[in-house]
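Presented below is the structure to which this report refers.
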Amino acid sequence: MSSPSSPAAATIPDVGRTRRIPLPALAVSSLVLVSTALAFVFFVAPNDANQGFSQRIFYFHVSLAFTAYALFIAGAWQAFRYLWKRDPEADLKSYVCVHQGLIFGTLVLLTGSIWAKISWGVWWTWSEDELVLFLVLYLFYCAYFMLRFSVDSGPQRANLSAVYALFGVVLIPVSFAAIRLAKEFLHPRVFTLHGPNFGGWILVTYCIAQAALLVLGYTLYRLELSSKLLDVRVRRLREALA
Amino acid sequence: MTTAEKYVTAAYCVVFAAVLVYVLIMALKLQRLERDVDELERKETAEDDERETVSVG
């Protein structure tokens, strides 16, 4: 039997210490925002002059990508917090952020692939730096899980995961900015150094979609974090009652 | 429905399906946790009853 003061219990984070927006409120906000975004995408935003109807994938595709980046950055921030304060909850938060980021990253690749099929006639092209760099970023974070689950639970696993998550965040500016130096490209550049390449209802719709997916990402993060913390709490109770 | 419309619908359906599957997985996990909590509560009650019987006896 382990007591809460034992070394094993000391590595287990406490539950229910988060005093933030309640999860049901977040879920309702996500639902309202995503529904609004979909209504704007299909009924308000005009057809693009060059790409026509197919450009409507852009609203969720780009928003998903930025949400994935935000989650990876949040994961790195929590990893930094873990290394700085040795807070086990920060390690769990970092893991959940990276997991969510990977889910959003998968959706970016899937929606991007569908868009590529309409626009370029192929599901994937290796000649586009933006695509390849995003895939590198995605595979890098896939390897995070291989690393994490190849080490037994404890401070060593948390340390390795934190350092890896911090390294991963370096790839984000590389993926986002470096390819803008390329001269020839197929992938549209919607954000330049001079701001977005669009305005009017397209910009409004994009902003709503971006807000919706950021809130959705945060909601799913909180949902997963709550379940993970609850899992830890149940395990701790089971140990105490054993 | 044009080809572009089909593809756009497919893209949004992929996002919707992914979120739905994720929420379903989380719901199943929460159900399992609920069962675990019930089991622990039963265990704790049984231990309390046992302790009371010993102290009375």
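If you're wondering about the labels, chains in the structure tokens are A, B, ... by order shown, residues count from 1 in each chain, ligands from 1 in order shown.
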Show me a table, sorted first by chain and then by increasing residue number, of the residues of chain A having an atom at most 7 Å from chain B, each with its shortest atom pair and the distance in Å to one decimal, counting only C-alpha atoms and written as CSV.
```
residue,atom,partner,partner_atom,distance
A:Phe53,CA,B:Ala4,CA,6.3
A:Ser54,CA,B:Ala4,CA,5.2
A:Arg56,CA,B:Val8,CA,6.9
A:Ile57,CA,B:Val8,CA,5.9
A:Leu107,CA,B:Val15,CA,6.4
A:Thr111,CA,B:Ala11,CA,5.2
A:Ile114,CA,B:Ala11,CA,6.4
A:Ile118,CA,B:Ala4,CA,6.5
A:Ser227,CA,B:Leu30,CA,6.7
A:Asp231,CA,B:Leu33,CA,6.7
A:Val234,CA,B:Val37,CA,6.6
A:Arg238,CA,B:Leu40,CA,6.8
```
- Give the alpha helix (DSSP H) residues of stretch 100-202 of chain A, as assigned by DSSP on the backbone, as a ChimeraX atom specification. /A:100-119,129-148,155-168,171-177,200-202
Please produce a file of the residues just selected, as a PDB file, in the first residue's frame, where the atoms kept are C-alpha atoms.
```
ATOM      1  CA  GLN A 100      -4.300  16.711 -29.283  1.00  0.00           C
ATOM      2  CA  GLY A 101      -1.872  18.430 -31.630  1.00  0.00           C
ATOM      3  CA  LEU A 102      -1.300  15.134 -33.384  1.00  0.00           C
ATOM      4  CA  ILE A 103      -5.051  14.565 -33.804  1.00  0.00           C
ATOM      5  CA  PHE A 104      -5.401  18.028 -35.337  1.00  0.00           C
ATOM      6  CA  GLY A 105      -2.280  17.395 -37.416  1.00  0.00           C
ATOM      7  CA  THR A 106      -3.845  14.207 -38.814  1.00  0.00           C
ATOM      8  CA  LEU A 107      -6.905  16.228 -39.825  1.00  0.00           C
ATOM      9  CA  VAL A 108      -4.687  18.851 -41.483  1.00  0.00           C
ATOM     10  CA  LEU A 109      -3.056  16.130 -43.597  1.00  0.00           C
ATOM     11  CA  LEU A 110      -6.407  14.535 -44.474  1.00  0.00           C
ATOM     12  CA  THR A 111      -8.201  17.763 -45.404  1.00  0.00           C
ATOM     13  CA  GLY A 112      -5.090  19.003 -47.219  1.00  0.00           C
ATOM     14  CA  SER A 113      -4.924  15.797 -49.182  1.00  0.00           C
ATOM     15  CA  ILE A 114      -8.545  16.144 -50.264  1.00  0.00           C
ATOM     16  CA  TRP A 115      -7.948  19.763 -51.260  1.00  0.00           C
ATOM     17  CA  ALA A 116      -4.824  18.740 -53.200  1.00  0.00           C
ATOM     18  CA  LYS A 117      -6.853  16.147 -55.107  1.00  0.00           C
ATOM     19  CA  ILE A 118      -9.360  18.793 -56.251  1.00  0.00           C
ATOM     20  CA  SER A 119      -6.826  21.523 -56.981  1.00  0.00           C
ATOM     21  CA  ASP A 129       8.147  22.067 -49.116  1.00  0.00           C
ATOM     22  CA  GLU A 130       5.166  23.133 -47.002  1.00  0.00           C
ATOM     23  CA  LEU A 131       3.590  19.679 -47.253  1.00  0.00           C
ATOM     24  CA  VAL A 132       6.809  17.787 -46.653  1.00  0.00           C
ATOM     25  CA  LEU A 133       7.809  19.986 -43.700  1.00  0.00           C
ATOM     26  CA  PHE A 134       4.403  19.555 -42.098  1.00  0.00           C
ATOM     27  CA  LEU A 135       4.727  15.786 -42.585  1.00  0.00           C
ATOM     28  CA  VAL A 136       8.183  15.909 -40.947  1.00  0.00           C
ATOM     29  CA  LEU A 137       6.690  17.832 -38.009  1.00  0.00           C
ATOM     30  CA  TYR A 138       3.837  15.313 -37.808  1.00  0.00           C
ATOM     31  CA  LEU A 139       6.156  12.287 -37.870  1.00  0.00           C
ATOM     32  CA  PHE A 140       8.416  13.949 -35.308  1.00  0.00           C
ATOM     33  CA  TYR A 141       5.489  14.154 -32.900  1.00  0.00           C
ATOM     34  CA  CYS A 142       4.437  10.576 -33.760  1.00  0.00           C
ATOM     35  CA  ALA A 143       7.899   9.524 -32.580  1.00  0.00           C
ATOM     36  CA  TYR A 144       7.224  11.401 -29.308  1.00  0.00           C
ATOM     37  CA  PHE A 145       4.746   8.667 -28.400  1.00  0.00           C
ATOM     38  CA  MET A 146       7.163   5.908 -29.361  1.00  0.00           C
ATOM     39  CA  LEU A 147       9.763   7.488 -27.089  1.00  0.00           C
ATOM     40  CA  ARG A 148       7.332   8.118 -24.236  1.00  0.00           C
ATOM     41  CA  PRO A 155      10.789  11.037 -13.782  1.00  0.00           C
ATOM     42  CA  GLN A 156      13.030   9.616 -16.534  1.00  0.00           C
ATOM     43  CA  ARG A 157      10.117   9.295 -18.942  1.00  0.00           C
ATOM     44  CA  ALA A 158       8.881  12.777 -18.029  1.00  0.00           C
ATOM     45  CA  ASN A 159      12.362  14.268 -18.574  1.00  0.00           C
ATOM     46  CA  LEU A 160      12.855  12.611 -21.960  1.00  0.00           C
ATOM     47  CA  SER A 161       9.359  13.560 -23.132  1.00  0.00           C
ATOM     48  CA  ALA A 162       9.805  17.166 -22.009  1.00  0.00           C
ATOM     49  CA  VAL A 163      13.137  17.592 -23.794  1.00  0.00           C
ATOM     50  CA  TYR A 164      11.698  15.995 -26.954  1.00  0.00           C
ATOM     51  CA  ALA A 165       8.595  18.229 -26.883  1.00  0.00           C
ATOM     52  CA  LEU A 166      10.834  21.289 -26.519  1.00  0.00           C
ATOM     53  CA  PHE A 167      12.908  20.241 -29.533  1.00  0.00           C
ATOM     54  CA  GLY A 168       9.757  19.692 -31.581  1.00  0.00           C
ATOM     55  CA  LEU A 171      10.167  22.726 -36.197  1.00  0.00           C
ATOM     56  CA  ILE A 172       7.027  24.900 -36.100  1.00  0.00           C
ATOM     57  CA  PRO A 173       8.607  28.177 -37.306  1.00  0.00           C
ATOM     58  CA  VAL A 174      10.646  26.115 -39.769  1.00  0.00           C
ATOM     59  CA  SER A 175       7.480  24.525 -41.138  1.00  0.00           C
ATOM     60  CA  PHE A 176       5.577  27.824 -41.173  1.00  0.00           C
ATOM     61  CA  ALA A 177       8.133  30.398 -42.272  1.00  0.00           C
ATOM     62  CA  GLY A 200     -14.252  40.817 -46.485  1.00  0.00           C
ATOM     63  CA  TRP A 201     -16.441  37.803 -45.721  1.00  0.00           C
ATOM     64  CA  ILE A 202     -13.607  35.385 -46.427  1.00  0.00           C
TER      65      ILE A 202
END
```
- So how many Å separate atom CA of A:Pro22 and atom CA of A:Lys228, to one decimal?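 Answer for the atom CA of A:Pro22 to atom CA of A:Lys228 separation: 16.6 Å.
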- Between atom CA of A:Ala45 and atom CA of B:Leu20, measure the distance and give it in Å to one decimal.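 Calculated distance between atom CA of A:Ala45 and atom CA of B:Leu20 is 25.5 Å.
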- Task: Take atom CA of A:Thr36 and atom CA of A:Leu216 and report the distance between them in Å, one decimal.
- Result: 12.8 Å
- Query: Can you list, as a list in words, every protein, DNA or RNA residue that comes within 8 Å of A:Lys93 when you count only C-alpha atoms, leaving out same-chain residues fewer than 6 positions away?
  - Reply: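 Here the answer would be Gly75, Gln78 and Leu225 of chain A.
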With N, CA and C atoms retained, write the just-selected residues as a PDB file, in the first residue's frame.
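Result went into out.pdb, see below:
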```pdb
ATOM      1  N   GLY A  75       2.227  22.375 -25.623  1.00  0.00           N
ATOM      2  CA  GLY A  75       2.898  21.166 -25.139  1.00  0.00           C
ATOM      3  C   GLY A  75       4.338  21.467 -24.751  1.00  0.00           C
ATOM      4  N   GLN A  78       4.371  23.495 -21.500  1.00  0.00           N
ATOM      5  CA  GLN A  78       4.170  22.642 -20.323  1.00  0.00           C
ATOM      6  C   GLN A  78       5.411  21.787 -20.067  1.00  0.00           C
ATOM      7  N   LEU A 225      -7.536  15.788 -20.538  1.00  0.00           N
ATOM      8  CA  LEU A 225      -6.776  16.008 -19.305  1.00  0.00           C
ATOM      9  C   LEU A 225      -7.591  15.572 -18.088  1.00  0.00           C
TER      10      LEU A 225
END
```
- Which one is closest to A:Ala68: A:Val98, A:Leu230, A:Leu38, A:Leu223? Count only C-alpha atoms.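 That would be A:Val98, the residue with the smallest distance to A:Ala68.
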